[in-house]
Structure formats: structure tokens, C-alpha cells
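Working notes, structure below.
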Amino acid sequence: MVEANARSAGPQVSPLLLSMFGRYCEGYLGRHFHAVRLSRAQRPDPAMARGKPLVLYFNHPSWWDPLICLQMARQLFPDRRHYGPIDARALGKYRFFAKLGFFPVETGTSRGARQFLTASQQVLGQPDAALWIPAAGRFSDPRERPLRLQPAMGHLASRLRQGVFVPVALEYPFWEERFPEALVRFGEEVSVADAGLSGNDWGVVLEERLTAAQEALAAESITRDPGRFEALLGGSAGVGGVYDVWRRFRARLRGEKFSAAHGDEPPGRDEEDL
């Protein structure tokens, strides 16, 4: 996950392969989601960590998370070079991920924790680097409480002289359409400059910030209100089948243009007019 030529530190990235993969993922997400939406309540400021390394740590509800993060990296932080850990076994099967900014980590072992800390510090030695981390290290439901992050997260924060940690909450609810929504909300950033906290203390702080972001996103998700979100990517819409045939027929009777991608209008409106 890197947006420019990698230097000596961190994985050696292929800009061409990254660009091609990014365009592929954009189309792939568009075919499988109604939209990728970012909460308007807490849009990140790209200048907030200018000249400092940036860590974006997120809950891990789905296989889709890395692709959503890649989309955000491309759109929201185009001047950063983006990296992320990946399970060493997965990287062994899909070696091209190493050319996209991913570095291998053994999951669930103390050796893996050391690998993560060493590689992360190397990457974050670059002031324009951004590191994306599934903070719990495993798949978990976004409603699972209490949230528990990997201990290595707190230890990473305690080892950095400067940097900014930003929590990122992710959800994939179904609203009014056939396809799910991909919802994102950024939380309140945390500066780690000379705070003097232990790894355990940092772990508590980071957990609290990510939990708050998840709770806020859950409250927005429940409203099913697209107006609360900025659409980063529009995708597939329409419930398909008989329902779309009926909508098309009604549009012709009214002399209107039918669009199956008009996803912000609840299907119930047409049903109420039957």
C-alpha cells in the first residue's frame, strides 16, 4: 500500500503494480458495494501529521478491510507512502502483495510481535509514511466489546519519538439496497510525541479512541442516512429482479428516466404508492 517510489526503508514497492491494483480494486469494490461512505462528522485532515509518521489503526470486521483501506489511502492521503502488515503465510501464497507495501508478520507468536515492531519502526522512520494496522490482529464483529488490541500496538506507540495514531472504524451494513454499504469513520487522533507513557498505558488510550469511533459509527449506521456520509465511491445499486422491473415501468409511465443506481431513495417509497 504505497503511493510513491519506496526508498531504502520498508518493502520495495512497484508503483506500476500498485497503480494497476488500485484501479482494479476500485472497480471490484464498485461491483460488490452500493457505496463506500466516509462519515462527514470526522473527516481526517491530511495536514494533521505533516512531517510526522502516521499510523491508522482499524477494527477488523471483514476480508474487505485492506481493499477499503487502500481506497482511502489513494483518495485521502495521496502524498503519503502506505504500508501494512500481512500474515506471513498469506504473503507466501500471494507474493505480489510485497510489491504493494505489505510486510510479513507471523500471527499469534512472540516472534511475530517482534517482527511487527521492528518492521513498523523501520517504516515509520520515514516522515511521509503511513502504516495501516488491523489493531486487534483478528477478525471480530464491530459490536464486540470490550475491544482488545494487540499488545504490540501500545508498545509501538511507546517506542516512537513522534507520530500520530488515528483510529478508523469500519462497518458493512445492509441498508435499502441489494448490496451492502461500506462505512468508515475516523476517530480522534492521538499524538505520541514525548508522552512518556508505557506500552500498556498506550494500549488503553488507543483502545478507548477506537471504541469511541466504532460507537459513533454504529450510531450513524443505525440511521441509514446517506446524508451523514461522503461517498468516496459509488457502486452497485438496486434490489434487482421484479422490483427493478416495476420501477422501470413506473418511470416510463411518468415520463421519467429510470436509474437503478439511484440508491439514496428508499425502496419503500415506491412500495407505498402501489
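Chain labels run A, B, ... following the order of the C-alpha cells; each chain numbers its residues from 1, and ligands are numbered from 1 in the order shown.
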Exercise. Within 12 Å of Thr109 of chain A, counting only C-alpha atoms, which residues qualify if same-chain residues fewer than 4 places away don't, as a ChimeraX atom specification?
Worked result: /A:87-88,105,113-116,137,150-152
Exercise. Near segment 133-136 of chain A, within 6 Å and counting only C-alpha atoms, which residues show up once chain neighbours fewer than 4 positions away are dropped, as a list in words?
Worked result: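 Answer for this query is Tyr57, Phe58, Asn59, His60, Leu149 and Gln150 of chain A.
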Residues of the last selection are to be written out with N, CA and C atoms, as a JSON list (two decimals), in the first residue's frame.
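And here is the file that came out, result-v5.json:
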[["chain", "number", "residue", "atom", "x", "y", "z"],
["A", 57, "TYR", "N", -5.02, 2.84, 12.60],
["A", 57, "TYR", "CA", -5.32, 1.52, 13.13],
["A", 57, "TYR", "C", -6.84, 1.32, 13.15],
["A", 58, "PHE", "N", -7.29, 0.15, 12.71],
["A", 58, "PHE", "CA", -8.71, -0.05, 12.48],
["A", 58, "PHE", "C", -9.18, -1.38, 13.05],
["A", 59, "ASN", "N", -10.49, -1.44, 13.34],
["A", 59, "ASN", "CA", -11.10, -2.72, 13.70],
["A", 59, "ASN", "C", -11.14, -3.59, 12.45],
["A", 60, "HIS", "N", -11.33, -4.89, 12.64],
["A", 60, "HIS", "CA", -11.11, -5.84, 11.53],
["A", 60, "HIS", "C", -12.34, -6.73, 11.35],
["A", 149, "LEU", "N", -6.99, -4.63, 21.79],
["A", 149, "LEU", "CA", -5.99, -4.52, 20.75],
["A", 149, "LEU", "C", -4.79, -5.42, 21.05],
["A", 150, "GLN", "N", -4.01, -5.71, 20.02],
["A", 150, "GLN", "CA", -2.77, -6.44, 20.24],
["A", 150, "GLN", "C", -1.85, -5.64, 21.16]]
Problem set entry | Which of A:Met153, A:Leu206, A:Val36, A:Ala73 sits closest to Ala231 of chain A [using only C-alpha atoms] | A:Val36
For this session: Could you tell me, as a ChimeraX atom specification, which residues of segment 70-157 of chain A DSSP assigns to helix (DSSP H, G or I) when given the backbone?
Result: /A:70-76,88-93,95-100,110-123,151-157
Problem set entry | Residues within 12 Å of Pro46 of chain A, only C-alpha atoms, excluding chain neighbours under 4 positions, as JSON, numbers by chain | {"A": [50, 51, 52, 53, 54, 72, 73, 75, 76, 77, 78, 79, 80, 128, 130, 164, 166, 189]}
For this session: From the DSSP assignment of the backbone, select every residue of segment 23-223 of chain A that is strand (DSSP E), and format the answer as JSON, numbers by chain.
Result: {"A": [35, 36, 37, 38, 39, 54, 55, 56, 57, 58, 81, 82, 83, 84, 85, 86, 87, 102, 103, 104, 105, 129, 130, 131, 132, 133, 134, 164, 165, 166, 167, 168, 169, 170, 171, 181, 182, 183, 184, 185, 186, 190, 191]}
Seminar exercise, completed: The residue from A:Ala49, A:Leu160, A:Glu215, A:Arg224 with the smallest atom-to-atom distance to Trp202 of chain A, counting only C-alpha atoms, is A:Leu160
Problem set entry | Pairwise distance for atom CA of Gln214 of chain A and atom CA of Ser39 of chain A, rounded to one decimal in Å | 11.5 Å
For this session: Compile the contact shell of Leu183 of chain A as a PyMOL selection string: residues with an atom at most 9 Å away, counting only C-alpha atoms, same-chain residues fewer than 5 positions apart removed.
Result: chain A and resi 35-39+169-173+217+221+229
Problem set entry | Pairwise distance for atom CA of Leu70 of chain A and atom CA of Glu220 of chain A, rounded to one decimal in Å | 22.8 Å
Problem set entry | Close residues, Leu56 of chain A itself excluded, 6 Å, only C-alpha atoms, min 6 positions apart in chain, as JSON, numbers by chain | {"A": [132, 165, 166, 167]}
